[in-house]
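As provided, work_3.cif (mmCIF, C-alpha atoms) reads as follows.
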```cif
data_data
loop_
_atom_site.label_atom_id
_atom_site.label_comp_id
_atom_site.auth_asym_id
_atom_site.auth_seq_id
_atom_site.Cartn_x
_atom_site.Cartn_y
_atom_site.Cartn_z
CA MET K 9 12.39 14.08 24.23
CA PRO K 10 10.87 10.71 25.06
CA ALA K 11 10.27 9.94 28.73
CA ALA K 12 13.11 8.05 30.40
CA ASP K 13 11.35 4.70 30.53
CA GLU K 14 10.18 5.11 26.94
CA GLN K 15 13.74 5.84 25.86
CA GLN K 16 14.82 2.64 27.59
CA LEU K 17 12.13 0.72 25.76
CA ILE K 18 13.26 2.19 22.45
CA ASP K 19 16.88 1.28 23.19
CA ARG K 20 15.91 -2.28 24.09
CA ALA K 21 13.70 -2.58 21.01
CA ARG K 22 16.59 -1.37 18.86
CA LYS K 23 18.69 -4.18 20.28
CA GLY K 24 16.03 -6.65 19.24
CA SER K 25 13.82 -6.92 22.30
CA GLN K 26 10.42 -7.99 21.06
CA GLU K 27 8.99 -7.49 24.53
CA ALA K 28 10.07 -3.84 24.64
CA PHE K 29 8.63 -3.15 21.22
CA ARG K 30 5.38 -4.77 22.25
CA VAL K 31 5.09 -2.38 25.20
CA LEU K 32 5.61 0.56 22.84
CA VAL K 33 2.91 -0.78 20.52
CA GLU K 34 0.49 -1.30 23.40
CA ARG K 35 1.06 2.23 24.64
CA HIS K 36 0.43 3.96 21.36
CA MET K 37 -1.82 1.65 19.35
CA LYS K 38 -5.15 3.24 20.28
CA HIS K 39 -4.04 6.76 19.55
CA ALA K 40 -2.48 5.59 16.28
CA TYR K 41 -5.75 3.88 15.41
CA ASN K 42 -7.78 7.02 16.07
CA VAL K 43 -5.49 9.12 13.91
CA ALA K 44 -5.71 6.58 11.09
CA PHE K 45 -9.48 6.44 11.37
CA GLY K 46 -9.66 10.21 11.06
CA PHE K 47 -8.21 9.94 7.57
CA VAL K 48 -9.50 6.67 6.20
CA GLY K 49 -12.90 6.72 7.86
CA ASN K 50 -13.37 2.97 8.26
CA HIS K 51 -12.23 0.39 10.77
CA GLU K 52 -10.67 -2.06 8.34
CA ASP K 53 -8.26 0.44 6.81
CA ALA K 54 -7.62 2.13 10.16
CA ALA K 55 -6.46 -1.19 11.64
CA ASP K 56 -4.28 -1.96 8.65
CA VAL K 57 -2.71 1.50 8.54
CA ALA K 58 -2.03 1.57 12.29
CA GLN K 59 -0.42 -1.88 12.23
CA ASP K 60 1.59 -0.99 9.16
CA ALA K 61 2.84 2.15 10.90
CA PHE K 62 4.25 0.12 13.79
CA PHE K 63 5.79 -2.34 11.35
CA ARG K 64 7.53 0.55 9.58
CA ALA K 65 8.53 2.13 12.86
CA HIS K 66 10.19 -1.12 13.89
CA ARG K 67 12.09 -1.23 10.62
CA ALA K 68 13.22 2.38 11.06
CA LEU K 69 13.92 2.29 14.80
CA THR K 70 17.62 2.76 14.22
CA SER K 71 16.93 6.03 12.43
CA PHE K 72 14.72 7.36 15.23
CA ARG K 73 16.82 10.17 16.64
CA GLY K 74 14.93 10.45 19.89
CA ASP K 75 14.59 14.23 19.73
CA ALA K 76 10.82 13.89 19.66
CA GLU K 77 8.30 11.75 21.49
CA PHE K 78 7.96 8.23 20.14
CA GLY K 79 4.21 8.92 20.06
CA THR K 80 4.66 11.98 17.86
CA TRP K 81 6.93 10.03 15.55
CA ILE K 82 4.55 7.12 15.19
CA HIS K 83 1.61 9.46 14.61
CA ARG K 84 3.49 11.18 11.85
CA ILE K 85 4.06 7.78 10.21
CA VAL K 86 0.38 6.90 10.67
CA MET K 87 -0.68 10.18 9.16
CA ASN K 88 1.48 9.75 6.06
CA LEU K 89 0.29 6.19 5.52
CA ALA K 90 -3.32 7.13 6.16
CA ILE K 91 -3.24 10.02 3.72
CA ASN K 92 -1.83 7.68 1.08
CA ARG K 93 -4.43 5.05 1.86
CA ALA K 94 -7.22 7.60 1.67
CA LYS K 95 -5.96 8.74 -1.74
CA GLN K 96 -5.76 5.14 -2.92
CA ASN K 97 -9.28 4.43 -1.80
CA ARG K 98 -10.44 7.47 -3.65
CA THR K 99 -8.59 6.37 -6.77
CA ARG K 100 -10.00 2.90 -6.52
CA GLY K 101 -13.49 4.28 -6.20
CA GLU K 102 -14.02 2.83 -2.76
CA ARG K 103 -16.02 5.75 -1.60
CA GLU K 104 -19.18 3.78 -1.17
CA VAL K 105 -20.41 3.01 2.26
CA ARG K 106 -18.80 -0.17 3.47
CA ALA K 107 -21.27 -2.78 4.55
CA GLY K 108 -20.89 -3.58 8.18
CA ASP K 109 -18.79 -0.54 8.84
CA ALA K 110 -21.52 2.00 9.18
CA GLY K 111 -19.98 3.56 12.26
CA ILE K 112 -20.55 7.03 10.96
CA ALA K 113 -23.61 6.61 8.81
CA GLY K 114 -25.35 4.36 11.27
CA ALA K 115 -25.00 6.89 14.03
CA ALA K 116 -26.39 9.78 12.01
CA GLY K 117 -28.86 11.82 13.96
CA GLY K 118 -27.05 11.14 17.21
CA ASP K 119 -29.35 8.45 18.56
CA GLY K 120 -29.29 6.04 15.65
CA GLU K 121 -32.36 7.55 13.99
CA THR K 122 -31.69 9.27 10.71
CA PRO K 123 -33.81 12.31 10.03
CA HIS K 124 -34.08 11.52 6.33
CA GLY K 125 -33.90 7.76 6.33
CA GLU K 126 -31.10 5.45 5.21
CA ASP K 127 -30.53 7.25 1.91
CA MET K 128 -29.52 10.40 3.71
CA SER K 129 -26.98 8.69 5.96
CA ALA K 130 -25.46 7.02 2.92
CA HIS K 131 -25.23 10.43 1.24
CA VAL K 132 -23.60 11.90 4.33
CA GLU K 133 -21.06 9.09 4.36
CA ARG K 134 -20.35 9.49 0.69
CA ALA K 135 -20.07 13.26 0.86
CA LEU K 136 -17.73 12.96 3.82
CA HIS K 137 -15.46 10.61 1.95
CA GLU K 138 -15.35 12.90 -1.04
CA LEU K 139 -13.94 15.76 0.99
CA PRO K 140 -10.25 16.59 0.58
CA THR K 141 -8.21 14.39 2.93
CA LEU K 142 -7.30 17.00 5.53
CA GLN K 143 -10.75 18.54 5.62
CA ARG K 144 -12.26 15.10 6.12
CA ALA K 145 -9.80 14.28 8.88
CA VAL K 146 -10.60 17.50 10.70
CA VAL K 147 -14.36 17.04 10.35
CA ILE K 148 -14.17 13.45 11.60
CA LEU K 149 -11.77 14.11 14.45
CA ARG K 150 -13.21 17.42 15.58
CA HIS K 151 -16.93 16.99 15.08
CA ILE K 152 -17.69 13.28 14.82
CA ASP K 153 -15.12 12.01 17.29
CA GLY K 154 -15.58 15.05 19.48
CA LEU K 155 -11.90 15.89 19.98
CA SER K 156 -11.06 19.49 20.87
CA THR K 157 -9.49 21.84 18.34
CA LYS K 158 -6.28 21.66 20.36
CA GLN K 159 -6.23 17.84 20.31
CA VAL K 160 -6.83 17.78 16.54
CA SER K 161 -4.09 20.34 15.97
CA ARG K 162 -1.66 18.17 17.94
CA ILE K 163 -2.59 15.05 16.04
CA LEU K 164 -2.30 16.74 12.67
CA GLN K 165 0.67 18.82 13.77
CA CYS K 166 -0.76 22.09 12.58
CA SER K 167 -2.04 25.24 14.25
CA GLU K 168 -5.47 25.53 15.80
CA GLY K 169 -6.24 28.22 13.22
CA THR K 170 -5.53 25.74 10.43
CA VAL K 171 -7.82 23.21 12.06
CA LYS K 172 -10.60 25.80 12.23
CA THR K 173 -10.08 26.77 8.61
CA HIS K 174 -10.21 23.16 7.42
CA LEU K 175 -13.24 22.52 9.59
CA PHE K 176 -15.15 25.48 8.21
CA ARG K 177 -14.26 24.69 4.61
CA GLY K 178 -14.94 20.99 5.08
CA LEU K 179 -18.38 21.50 6.58
CA LYS K 180 -19.32 24.06 3.99
CA LYS K 181 -18.23 21.78 1.18
CA LEU K 182 -20.08 18.91 2.78
CA ARG K 183 -23.32 20.89 2.83
CA THR K 184 -22.92 21.82 -0.84
CA LYS K 185 -22.19 18.21 -1.77
CA LEU K 186 -25.24 17.00 0.08
CA ASP K 187 -27.41 19.50 -1.78
CA TYR K 188 -26.03 18.15 -5.04
CA LEU K 189 -26.47 14.52 -4.03
CA GLN K 190 -30.03 15.11 -2.88
CA GLU K 191 -30.85 16.78 -6.19
CA ASP K 192 -29.28 13.80 -7.92
CA VAL K 193 -31.59 11.38 -6.11
CA ALA K 194 -34.66 13.54 -6.66
CA MET L 5 -17.26 46.17 9.64
CA SER L 6 -15.22 43.80 11.84
CA ALA L 7 -13.43 40.83 10.31
CA HIS L 8 -15.56 37.86 9.33
CA VAL L 9 -16.05 35.23 11.99
CA ARG L 10 -16.32 32.16 9.77
CA GLU L 11 -13.70 30.19 11.59
CA LYS L 12 -15.37 30.78 14.93
CA LEU L 13 -18.80 29.69 13.76
CA PHE L 14 -18.37 25.98 14.46
CA GLU L 15 -17.45 26.57 18.06
CA TYR L 16 -20.19 29.16 18.34
CA LEU L 17 -22.67 26.56 17.06
CA THR L 18 -21.49 23.84 19.43
CA GLY L 19 -21.40 26.20 22.39
CA ASP L 20 -17.65 25.96 22.83
CA THR L 21 -17.07 29.71 22.50
CA LEU L 22 -16.21 31.78 25.57
CA PRO L 23 -19.07 34.16 26.58
CA GLU L 24 -17.21 37.32 25.60
CA GLU L 25 -16.26 35.83 22.26
CA ALA L 26 -19.82 34.65 21.67
CA GLY L 27 -20.92 38.25 22.16
CA SER L 28 -18.60 39.55 19.49
CA VAL L 29 -19.63 36.76 17.10
CA GLU L 30 -23.29 37.63 17.61
CA GLU L 31 -22.56 41.29 17.14
CA HIS L 32 -20.81 40.57 13.85
CA LEU L 33 -23.58 38.25 12.71
CA SER L 34 -26.18 40.95 13.28
CA ARG L 35 -24.42 43.09 10.67
CA CYS L 36 -22.97 40.56 8.22
CA ALA L 37 -25.28 38.69 5.85
CA ALA L 38 -22.41 36.56 4.43
CA CYS L 39 -21.49 35.19 7.85
CA ARG L 40 -25.18 34.61 8.66
CA GLU L 41 -25.43 32.55 5.48
CA ASP L 42 -22.30 30.63 6.47
CA LEU L 43 -23.79 29.98 9.89
CA ARG L 44 -26.95 28.63 8.29
CA MET L 45 -24.96 26.27 6.08
CA LEU L 46 -22.80 25.11 8.95
CA ARG L 47 -25.85 24.50 11.14
CA GLU L 48 -27.35 22.33 8.42
CA ALA L 49 -24.12 20.41 7.88
CA VAL L 50 -23.62 19.83 11.60
CA GLY L 51 -27.26 18.75 11.91
CA LEU L 52 -26.75 16.14 9.23
CA LEU L 53 -23.53 14.79 10.65
CA PRO L 54 -23.57 12.20 13.36
CA ARG L 55 -21.63 12.61 16.59
CA ARG L 56 -19.91 9.44 17.51
CA GLY L 57 -19.74 10.29 21.16
CA LYS L 58 -16.81 7.95 21.52
CA LEU L 59 -13.46 7.46 19.86
CA PRO L 60 -13.07 4.97 17.00
CA SER L 61 -10.73 2.92 19.18
CA GLU L 62 -13.51 2.53 21.72
CA GLU L 63 -15.63 0.82 19.13
CA ARG L 64 -13.19 -2.08 18.90
CA ASP L 65 -13.46 -4.84 21.44
CA GLU L 66 -10.78 -6.21 23.76
CA LYS L 67 -10.16 -9.13 21.45
CA PHE L 68 -9.13 -6.76 18.69
CA TRP L 69 -6.70 -4.89 20.94
CA ALA L 70 -5.27 -8.13 22.29
CA SER L 71 -4.51 -9.28 18.75
CA PHE L 72 -3.07 -5.94 17.63
CA PRO L 73 0.55 -6.33 18.88
CA PRO L 74 0.83 -9.97 17.71
CA THR L 75 -0.39 -8.91 14.25
CA VAL L 76 2.33 -6.25 14.08
CA GLU L 77 4.91 -8.82 15.20
CA GLU L 78 3.67 -11.24 12.57
CA ARG L 79 4.21 -8.59 9.88
CA ILE L 80 7.73 -7.99 11.12
CA ALA L 81 8.47 -11.72 11.09
CA MET L 82 6.96 -12.13 7.62
CA ALA L 83 9.11 -9.32 6.23
CA LYS L 84 12.22 -10.94 7.68
CA ARG L 85 11.33 -14.25 6.08
CA SER L 86 10.66 -12.70 2.68
CA ARG L 87 14.06 -11.01 2.61
CA THR L 88 15.73 -13.89 0.86
CA SER L 89 19.36 -13.15 0.29
CA VAL L 90 21.09 -13.21 -3.03
CA PHE L 91 23.05 -16.22 -1.84
CA ALA L 92 19.91 -18.10 -0.90
CA ALA L 93 18.48 -17.42 -4.34
CA ALA L 94 21.70 -18.60 -5.98
CA ALA L 95 21.71 -21.74 -3.82
CA ASP L 96 18.11 -22.36 -4.83
CA GLN L 97 19.02 -22.10 -8.50
CA ILE L 98 22.03 -24.36 -8.10
CA SER L 99 20.03 -27.01 -6.25
CA SER L 100 17.44 -26.83 -8.99
CA PHE L 101 20.12 -27.35 -11.60
CA VAL L 102 21.48 -30.36 -9.73
CA HIS L 103 17.97 -31.75 -9.53
CA PHE L 104 17.48 -31.01 -13.22
CA ASN L 105 20.51 -33.07 -14.29
CA ARG L 106 20.17 -36.40 -12.54
CA SER L 107 23.43 -37.99 -13.63
CA PRO L 108 26.03 -37.43 -10.85
CA LEU L 109 28.75 -36.44 -13.30
CA LEU L 110 26.47 -34.06 -15.13
CA ALA L 111 25.13 -32.78 -11.86
CA GLY L 112 28.64 -32.01 -10.62
CA SER L 113 29.69 -30.19 -13.75
CA GLY L 114 26.31 -28.56 -13.95
CA ALA L 115 26.56 -27.32 -10.39
CA LEU L 116 29.98 -25.82 -11.13
CA ALA L 117 28.59 -24.18 -14.23
CA ALA L 118 25.63 -22.93 -12.27
CA ILE L 119 27.88 -21.42 -9.61
CA ALA L 120 29.82 -19.63 -12.33
CA LEU L 121 26.57 -18.49 -13.90
CA ALA L 122 25.14 -17.35 -10.57
CA VAL L 123 28.27 -15.28 -9.95
CA LEU L 124 27.95 -13.79 -13.43
CA LEU L 125 24.27 -13.08 -12.90
CA PHE L 126 24.71 -11.21 -9.67
CA ILE L 127 27.92 -9.40 -10.48
CA ARG L 128 27.12 -8.06 -13.91
CA PRO L 129 24.60 -8.71 -16.64
CA ALA L 130 25.89 -11.31 -19.05
CA PRO L 131 26.41 -10.15 -22.62
CA GLU L 132 23.70 -11.27 -24.95
CA THR L 133 26.14 -13.44 -26.93
CA ALA L 134 27.84 -14.94 -23.89
CA PRO L 135 29.54 -18.26 -24.42
CA ALA L 136 27.15 -21.10 -23.84
CA VAL L 137 27.16 -23.04 -20.63
CA ALA L 138 28.87 -26.37 -21.17
CA GLY L 139 26.69 -29.41 -21.50
CA HIS L 140 23.50 -27.51 -22.15
CA SER L 141 22.13 -27.05 -25.59
CA LEU L 142 18.84 -27.00 -27.34
CA GLN L 143 17.50 -30.40 -28.08
CA GLN L 144 18.07 -31.39 -31.65
CA GLY L 145 14.58 -32.77 -32.21
CA THR L 146 13.81 -30.12 -34.79
CA GLU L 147 15.91 -29.06 -37.69
CA ALA L 148 18.07 -25.99 -37.24
CA GLY L 149 16.53 -24.45 -40.34
CA ASN L 150 13.10 -24.60 -38.74
CA LEU L 151 14.35 -23.35 -35.40
CA GLU L 152 16.15 -20.30 -36.67
CA PRO L 153 13.27 -17.80 -37.04
CA ALA L 154 11.57 -19.14 -33.93
CA GLY L 155 14.92 -19.00 -32.13
CA ALA L 156 15.30 -15.30 -32.84
CA GLN L 157 11.75 -14.65 -31.71
CA LEU L 158 12.24 -16.82 -28.63
CA HIS L 159 15.48 -15.02 -27.80
CA ASP L 160 13.76 -11.65 -28.01
CA TYR L 161 10.82 -12.89 -25.94
CA LEU L 162 13.07 -14.36 -23.25
CA LYS L 163 15.16 -11.23 -23.03
CA LYS L 164 12.13 -9.03 -22.51
CA SER L 165 10.63 -11.49 -20.01
CA ARG L 166 13.90 -11.66 -18.08
CA VAL L 167 14.11 -7.88 -17.78
CA LEU L 168 10.51 -7.77 -16.62
CA LEU L 169 10.87 -10.55 -14.04
CA VAL L 170 14.13 -9.16 -12.67
CA GLY L 171 12.33 -5.84 -12.28
CA VAL L 172 9.43 -7.43 -10.41
CA SER L 173 11.80 -9.47 -8.23
CA ASN L 174 13.80 -6.44 -7.18
CA MET L 175 11.01 -3.92 -7.08
CA ARG L 176 10.82 -1.82 -3.96
CA THR L 177 7.63 -0.75 -2.26
CA ARG L 178 6.40 2.79 -2.43
CA ASP L 179 6.01 4.86 0.73
CA ASP L 180 2.54 3.46 1.23
CA ASN L 181 3.88 -0.11 1.14
CA THR L 182 2.37 -0.91 -2.22
CA PHE L 183 3.88 -1.63 -5.61
CA ASP L 184 3.01 0.31 -8.70
CA LEU L 185 2.73 -2.36 -11.39
CA SER L 186 1.19 -0.28 -14.16
CA VAL L 187 4.20 -0.56 -16.49
CA GLU L 188 4.70 -4.25 -15.71
CA ARG L 189 1.07 -5.00 -16.45
CA ARG L 190 1.32 -3.40 -19.88
CA GLN L 191 4.51 -5.24 -20.72
CA SER L 192 3.05 -8.53 -19.49
CA ARG L 193 0.08 -8.17 -21.78
CA GLU L 194 2.34 -7.63 -24.76
CA LEU L 195 4.44 -10.63 -23.78
CA VAL L 196 1.38 -12.85 -23.34
CA HIS L 197 0.47 -12.08 -26.95
CA GLU L 198 4.00 -12.88 -28.05
CA ALA L 199 3.91 -16.15 -26.09
CA ARG L 200 0.75 -17.22 -27.89
CA ASP L 201 2.40 -16.53 -31.19
CA LEU L 202 5.55 -18.38 -30.10
CA LYS L 203 3.59 -21.44 -29.06
CA ARG L 204 2.53 -21.86 -32.67
CA GLN L 205 6.20 -22.04 -33.69
CA PRO L 206 8.28 -25.24 -33.70
CA LEU L 207 10.01 -25.16 -30.32
CA ASP L 208 11.99 -27.84 -28.54
CA PRO L 209 10.08 -29.33 -25.56
CA ARG L 210 12.17 -27.59 -22.92
CA SER L 211 11.73 -24.14 -24.47
CA ALA L 212 8.04 -24.84 -25.01
CA LYS L 213 7.67 -25.71 -21.32
CA LEU L 214 9.55 -22.59 -20.31
CA VAL L 215 7.31 -20.44 -22.51
CA GLY L 216 4.28 -22.12 -20.90
CA ASP L 217 5.57 -21.54 -17.34
CA LEU L 218 6.43 -17.96 -18.14
CA GLU L 219 3.02 -17.38 -19.65
CA LYS L 220 1.31 -18.31 -16.37
CA ILE L 221 3.29 -15.71 -14.42
CA LEU L 222 2.83 -13.11 -17.14
CA ILE L 223 -0.93 -13.67 -17.19
CA GLU L 224 -0.98 -13.26 -13.42
CA LEU L 225 0.93 -10.00 -13.75
CA ALA L 226 -1.20 -8.78 -16.64
CA ASN L 227 -4.37 -9.37 -14.65
CA SER L 228 -3.07 -7.81 -11.46
CA ASP L 229 -4.29 -4.58 -9.94
CA ARG L 230 -2.35 -1.51 -10.96
CA ARG L 231 -1.22 -1.18 -7.36
CA HIS L 232 -0.33 -4.26 -5.43
CA ASP L 233 0.24 -4.84 -1.76
CA VAL L 234 3.33 -6.72 -0.61
CA PRO L 235 1.64 -10.13 -0.14
CA ASP L 236 0.21 -10.08 -3.69
CA VAL L 237 3.57 -9.33 -5.24
CA GLU L 238 5.19 -11.95 -3.03
CA ILE L 239 2.90 -14.56 -4.63
CA ILE L 240 4.15 -13.55 -8.08
CA ARG L 241 7.74 -13.51 -6.85
CA SER L 242 7.39 -16.95 -5.30
CA GLY L 243 6.04 -18.19 -8.64
CA ILE L 244 9.17 -16.84 -10.34
CA ARG L 245 11.37 -18.48 -7.70
CA ASP L 246 9.50 -21.80 -7.50
CA HIS L 247 9.77 -22.34 -11.23
CA ASN L 248 13.36 -21.05 -11.29
CA LEU L 249 12.27 -18.96 -14.22
CA LEU L 250 15.16 -16.54 -14.25
CA PHE L 251 17.65 -19.37 -14.19
CA LYS L 252 15.90 -21.30 -16.92
CA ILE L 253 15.65 -18.20 -19.07
CA ARG L 254 19.39 -17.64 -18.70
CA MET L 255 20.12 -21.24 -19.59
CA THR L 256 17.92 -21.15 -22.66
CA GLU L 257 19.38 -17.82 -23.74
CA SER L 258 22.86 -19.29 -23.43
CA ALA L 259 21.85 -22.33 -25.43
CA LEU L 260 20.36 -20.13 -28.14
CA ALA L 261 23.52 -18.06 -28.24
CA GLU L 262 25.59 -21.24 -28.53
CA ALA L 263 23.40 -22.53 -31.36
CA ALA L 264 23.74 -19.20 -33.19
CA TYR L 265 27.52 -19.27 -32.69
CA GLU L 266 27.73 -22.81 -34.08
CA ARG L 267 25.63 -21.85 -37.10
CA ASN L 268 27.83 -18.86 -37.83
CA ARG L 269 30.97 -20.97 -37.56
CA GLN L 270 29.63 -23.47 -40.09
#
```
Re-express the file's structure as structure tokens.
Amino acid sequence: MPAADEQQLIDRARKGSQEAFRVLVERHMKHAYNVAFGFVGNHEDAADVAQDAFFRAHRALTSFRGDAEFGTWIHRIVMNLAINRAKQNRTRGEREVRAGDAGIAGAAGGDGETPHGEDMSAHVERALHELPTLQRAVVILRHIDGLSTKQVSRILQCSEGTVKTHLFRGLKKLRTKLDYLQEDVA
Amino acid sequence: MSAHVREKLFEYLTGDTLPEEAGSVEEHLSRCAACREDLRMLREAVGLLPRRGKLPSEERDEKFWASFPPTVEERIAMAKRSRTSVFAAAADQISSFVHFNRSPLLAGSGALAAIALAVLLFIRPAPETAPAVAGHSLQQGTEAGNLEPAGAQLHDYLKKSRVLLVGVSNMRTRDDNTFDLSVERRQSRELVHEARDLKRQPLDPRSAKLVGDLEKILIELANSDRRHDVPDVEIIRSGIRDHNLLFKIRMTESALAEAAYERNRQ
């Protein structure tokens, strides 16, 4: 159940209060953004997906039954949109590293230095984006963003065991992909 | 041999395992070559991956977060604006008709006819041989004998274009807020070819202009991405609305039907 004040905000937003809806957005926007980023892996799409999720939530406010947290509801919307966006990006062949959005690749090595030069960080980025959506989300949220297994399981609404399974498979696949990509370059 | 510990290896690597659990993992690793190999692969993967050290949201500045709620509100407002009602569309078409026929008498009768047509359009699809709208016919600048084959081709082209444009106008977004235009793109390409062929035929000036206006929209559709976001499709829809294409198609179809009826009667 939503907290009492949140329920009031939802009720007011349903009646058309823009101010109340704005408070809801402000409360949940950062978490929504982080969830979106876990799936899409870049800031531009994460911003678009998170904003779209609130837009859709506003449109569907009347159907929000209130038997779950507003936050959980919005994160579910974000997740669905983000999974779709990630699939679209894959279809459109937008797996390449985005210029100016090297948040992941640029930080490779932990202190900004890449052990194998720029090529390697680009390979890491590419391999990461070629992982199946859920595996990528788990790898990004759990390892790169440093969230705990419990936090990731709550975001993705699955068990901790499932998170661990996806993490193991994702990392293993990533290593295999990197071997392949390195051979490709050599 | 105890069960494999694959799913515990990441936490073992990052030091997040409880001491007693770490002991059992190590004990298993000492006996299991497969898990040792998995550990080696994981260690390499983890070594290659960066650690952000902060959440993605922390990488955005205050300015971004300040503009986030207004951007959402802008989307909501834009969606409200784009939901033009059926009545607004009908009013738009009627006003266009009035503007089209400058004589007050013609404008009055035309407006009445347009109201009747608008009602017909939105209540049920008009039959293909519907009685012609009064006061509107093809210009007689070309001989009927010359127009006949082109008229049949034009009628077919307009019918297909109308179905396509009605589809685009009423299309709903998918769950991911995009439109799948793959079918529309294919049909548009076919219609663009037909339009080029039609333009070589003897057409009255009004039909020729309509074919030209339609061609622009069809080319835009044919060249579109397979999946479109809402704003892109809104541009195409506004083109259809701004040129009153659906209305003009209906009028021309009616005129063609009237001409065919007259020919049959003679």
* If the PyMOL selection byres ((chain L) within 7 of (chain K)) is run on the structure shown, which residues does it catch, given as a ChimeraX atom specification? -> /L:10-11,45-46,49,52-61,73,76,79-80,180
* To do: Taking the file as shown, find all residues satisfying the PyMOL selection byres ((chain K and resi 16) around 12) and write them as a ChimeraX atom specification.
  => /K:10-15,17-23,25,28-29,31-32,74,78
* Go ahead and compute the interatomic distance for CA of Ala68 in chain K and CA of Asn97 in chain K, in Å to one decimal. =>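 According to the coordinates, CA of Ala68 in chain K and CA of Asn97 in chain K are separated by 26.0 Å.
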* To do: May I ask for the distance between CA of Leu225 in chain L and CA of Ser192 in chain L, given in Å to one decimal place?
  =>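 The value is 6.3 Å.
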* To do: Give me, please, the distance in Å between CA of Lys84 in chain L and CA of Asp184 in chain L, quoted to one decimal.
  => 21.9 Å
* Mind listing as JSON, numbers by chain all residues within 10 Å of (10.8, -20.2, -18.4), counting only C-alpha atoms? -> {"L": [162, 165, 166, 210, 211, 212, 213, 214, 215, 216, 217, 218, 219, 220, 221, 244, 247, 248, 249, 250, 251, 252, 253, 254, 255, 256]}
* So which residues get picked by the PyMOL selection byres ((chain L and resi 226) around 6) here, written as a list in words? ->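 Evaluating the PyMOL selection byres ((chain L and resi 226) around 6) on this file yields Arg189, Ser192, Arg193, Leu222, Ile223, Glu224, Leu225, Asn227 and Ser228 of chain L.
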If you count all atoms listed in the file, which residues fall within 10 Å of Thr80 in chain K, apart from same-chain ones fewer than 3 positions away, as an mmCIF file with C-alpha atoms, keeping the file's coordinate frame?
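result_4.cif was written with the following content:
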```
data_model
loop_
_atom_site.group_PDB
_atom_site.id
_atom_site.type_symbol
_atom_site.label_atom_id
_atom_site.label_comp_id
_atom_site.auth_asym_id
_atom_site.auth_seq_id
_atom_site.Cartn_x
_atom_site.Cartn_y
_atom_site.Cartn_z
ATOM 1 C CA PRO K 10 10.870 10.710 25.060
ATOM 2 C CA HIS K 36 0.430 3.960 21.360
ATOM 3 C CA ALA K 40 -2.480 5.590 16.280
ATOM 4 C CA ALA K 76 10.820 13.890 19.660
ATOM 5 C CA GLU K 77 8.300 11.750 21.490
ATOM 6 C CA HIS K 83 1.610 9.460 14.610
ATOM 7 C CA ARG K 84 3.490 11.180 11.850
ATOM 8 C CA ILE K 85 4.060 7.780 10.210
ATOM 9 C CA VAL K 86 0.380 6.900 10.670
ATOM 10 C CA ARG K 162 -1.660 18.170 17.940
ATOM 11 C CA ILE K 163 -2.590 15.050 16.040
ATOM 12 C CA LEU K 164 -2.300 16.740 12.670
ATOM 13 C CA GLN K 165 0.670 18.820 13.770
#
```
* To do: Extract, using all atoms listed in the file, all DNA, RNA and protein residues at most 10 Å from Ala26 in chain L, discarding same-chain residues fewer than 3 positions from it, and format them as a VMD selection string.
  => chain L and resid 12 to 13 15 to 17 19 to 23 29 to 32
